[in-house]
Amino acid sequence: MQILLNKNMPFFKAAMHCHSTNSDGKLSVQEQKELFKKQGYSVVAFTDHEHLIDNSFLDDKDFLTITSCEIAIKEFPKQSTLKNTLMRVTHLNLYAQNQHNVVTPCYNSVYDHFKNPNIEDKIKFNGEYNRIYSKDGINAIIKEAKSQGFLVSYNHPDWSLEDATDYLQYENFDFVEIYNHTCSCEGGEGYQIKVFDDILRSGKKVFATMADDSHKKESMFGAFIMINAPELNYDTIMTALKNGEFYSSQGPLIYSLIKKGNEVTVECSSAKRISISTKGRRCDAKTGKDLTKATFKLKESDGYFRITVIDEFNNHAHSQAYEI
């Protein structure tokens with residue numbers, strides 16, 4: 001028996017992509033902590049643009065900050081994506097495995113135009129890095145970030161104007177955003193589960209996240225992940241993230257996921273549909289009112305499986321993909 005999500009171990013609600021007044025957000029990290037805690041969040045990654053800030057002064061026994069940032073690699077580095085709306089770009093979130101590692105990898109001052117002057121003395125980097133928008137350039141940045149102790153997320157490919165011809169060339173990133181709430185709120189394509197399957201079917205190992213990418217209060221609380229870890233401390237949370245011991249959601253909760261022999265059983269909050277997807281065409285679903293449990297048969301030819309839970313409001317929760 002494999003316990004893939006363990007109901008006898010805590011789940012910690014986490015926001016993995018948000019911005020504060022340390023870059024282009026409208027709310028301070030202190031203001032956001034108060035709002036996140038009221039919504040039941042225990043973990044927040046303040047991914048301010050282009051530079052790392054240690055926000056651990058906010059931590060308490062019920063709240064943990066992940067030292068992180070979001071960096072961009074643009075076709076035309078000196079041009080704004082808000083003005084050149086046809087320019088392709090890659091956005092990566094970098095999550096420090098050591099909370100106090102605040103030396104920003106691959107720093108380039110051309111990109112750091114969101115910088116709050118009040119935190120300039122906290123920004124640390126080792127020289128200027130020439131970011132090149134190409135397969136090799138982006139892979140080199142991912143490699144360098146990981147060598148410096150960071151987990152890497154590939155963010156919102158649709159907003160970035162990237163497709164499979166781009167993202168299938170990128171190597172060794174840890175996570176892919178399958179839903180970005182801000183993109184959805186602004187009328188774009190926020191939901192991109194197909195990207196997850198594209199990457200998996202290409203033979204790469206990656207974990208799926210859903211996030212707000214919030215810059216203001218109105219775009220908070222639309223998506224999160226639930227980290228299944230024994231306790232709330234930095235090392236255990238980062239280990240769980242690195243191992244994919246979490247699921248992603250817009251609202252529904254997954255309480256348990258167990259594989260036993262050729263069957264997988266999921267327990268969840270009230271749903272109208274629980275489905276299984278595989279590497280191939282084979283899929284299955286249970287539909288009804290107030291579903292809270294489903295069991296599916298597996299075949300070796302399935303390659304991998306992942307579970308989706310949909311509630312009455314059409315909000316989705318997604319497990320990771322697990323090899324058969």
# chains A, B, ... in the order shown; residues from 1 in each chain; ligands from 1
$ residues_around --residues "Phe63 of chain A" --least-positions-apart "4" --cutoff "7 Å" --atoms "only C-alpha atoms" --output "JSON, numbers by chain"
{"A": [42, 43, 59]}
$ residues_around --residues "segment 126-128 of chain A" --least-positions-apart "6" --cutoff "10 Å" --atoms "only C-alpha atoms" --output "list in words"
Val103, Thr104, Pro105, Cys106, Tyr107, Asn108, Ser109 and Val110 of chain A
$ select_by_dssp --residues "segment 12-239 of chain A" --states "alpha helix (DSSP H)" --output "PyMOL selection string"
chain A and resi 29-38+135-147+164-167+181-185+193-201+234-239
$ closest_residue --among "A:Pro117, A:Glu267, A:Ala229, A:His318" --to "Phe196 of chain A" --atoms "only C-alpha atoms"
A:His318
$ closest_residue --among "A:Ser56, A:Gln79, A:Thr182, A:Gln39" --to "Lys216 of chain A" --atoms "only C-alpha atoms"
A:Thr182
$ residues_around --residues "segment 3-19 of chain A" --least-positions-apart "3" --cutoff "8 Å" --atoms "only C-alpha atoms" --output "count of residues only"
38
$ atom_distance --atom1 "atom CA of Arg201 of chain A" --atom2 "atom CA of Thr308 of chain A"
17.6 Å
$ decode --residues "segment 310-322 of chain A" --atoms "N, CA and C atoms" --output "mmCIF file, in the first residue's frame"
data_model
loop_
_atom_site.group_PDB
_atom_site.id
_atom_site.type_symbol
_atom_site.label_atom_id
_atom_site.label_comp_id
_atom_site.auth_asym_id
_atom_site.auth_seq_id
_atom_site.Cartn_x
_atom_site.Cartn_y
_atom_site.Cartn_z
ATOM 1 N N ILE A 310 -13.938 18.057 -8.476
ATOM 2 C CA ILE A 310 -14.660 19.264 -8.872
ATOM 3 C C ILE A 310 -15.878 19.422 -7.967
ATOM 4 N N ASP A 311 -16.018 20.597 -7.361
ATOM 5 C CA ASP A 311 -17.135 20.809 -6.448
ATOM 6 C C ASP A 311 -18.331 21.432 -7.174
ATOM 7 N N GLU A 312 -19.395 21.720 -6.441
ATOM 8 C CA GLU A 312 -20.627 22.226 -7.044
ATOM 9 C C GLU A 312 -20.448 23.596 -7.686
ATOM 10 N N PHE A 313 -19.411 24.323 -7.299
ATOM 11 C CA PHE A 313 -19.144 25.653 -7.861
ATOM 12 C C PHE A 313 -18.177 25.588 -9.051
ATOM 13 N N ASN A 314 -17.856 24.375 -9.470
ATOM 14 C CA ASN A 314 -16.937 24.118 -10.578
ATOM 15 C C ASN A 314 -15.489 24.474 -10.251
ATOM 16 N N ASN A 315 -15.174 24.525 -8.974
ATOM 17 C CA ASN A 315 -13.784 24.690 -8.551
ATOM 18 C C ASN A 315 -13.090 23.337 -8.575
ATOM 19 N N HIS A 316 -11.815 23.352 -8.948
ATOM 20 C CA HIS A 316 -11.048 22.127 -9.139
ATOM 21 C C HIS A 316 -9.975 21.956 -8.063
ATOM 22 N N ALA A 317 -9.701 20.696 -7.750
ATOM 23 C CA ALA A 317 -8.495 20.326 -6.997
ATOM 24 C C ALA A 317 -7.788 19.234 -7.780
ATOM 25 N N HIS A 318 -6.461 19.289 -7.808
ATOM 26 C CA HIS A 318 -5.670 18.327 -8.573
ATOM 27 C C HIS A 318 -4.595 17.707 -7.701
ATOM 28 N N SER A 319 -4.515 16.396 -7.754
ATOM 29 C CA SER A 319 -3.388 15.710 -7.139
ATOM 30 C C SER A 319 -2.171 15.853 -8.036
ATOM 31 N N GLN A 320 -1.024 15.397 -7.539
ATOM 32 C CA GLN A 320 0.129 15.248 -8.406
ATOM 33 C C GLN A 320 -0.087 14.040 -9.314
ATOM 34 N N ALA A 321 0.790 13.843 -10.251
ATOM 35 C CA ALA A 321 0.768 12.655 -11.096
ATOM 36 C C ALA A 321 1.703 11.613 -10.484
ATOM 37 N N TYR A 322 1.216 10.385 -10.411
ATOM 38 C CA TYR A 322 1.972 9.299 -9.790
ATOM 39 C C TYR A 322 2.207 8.194 -10.808
#
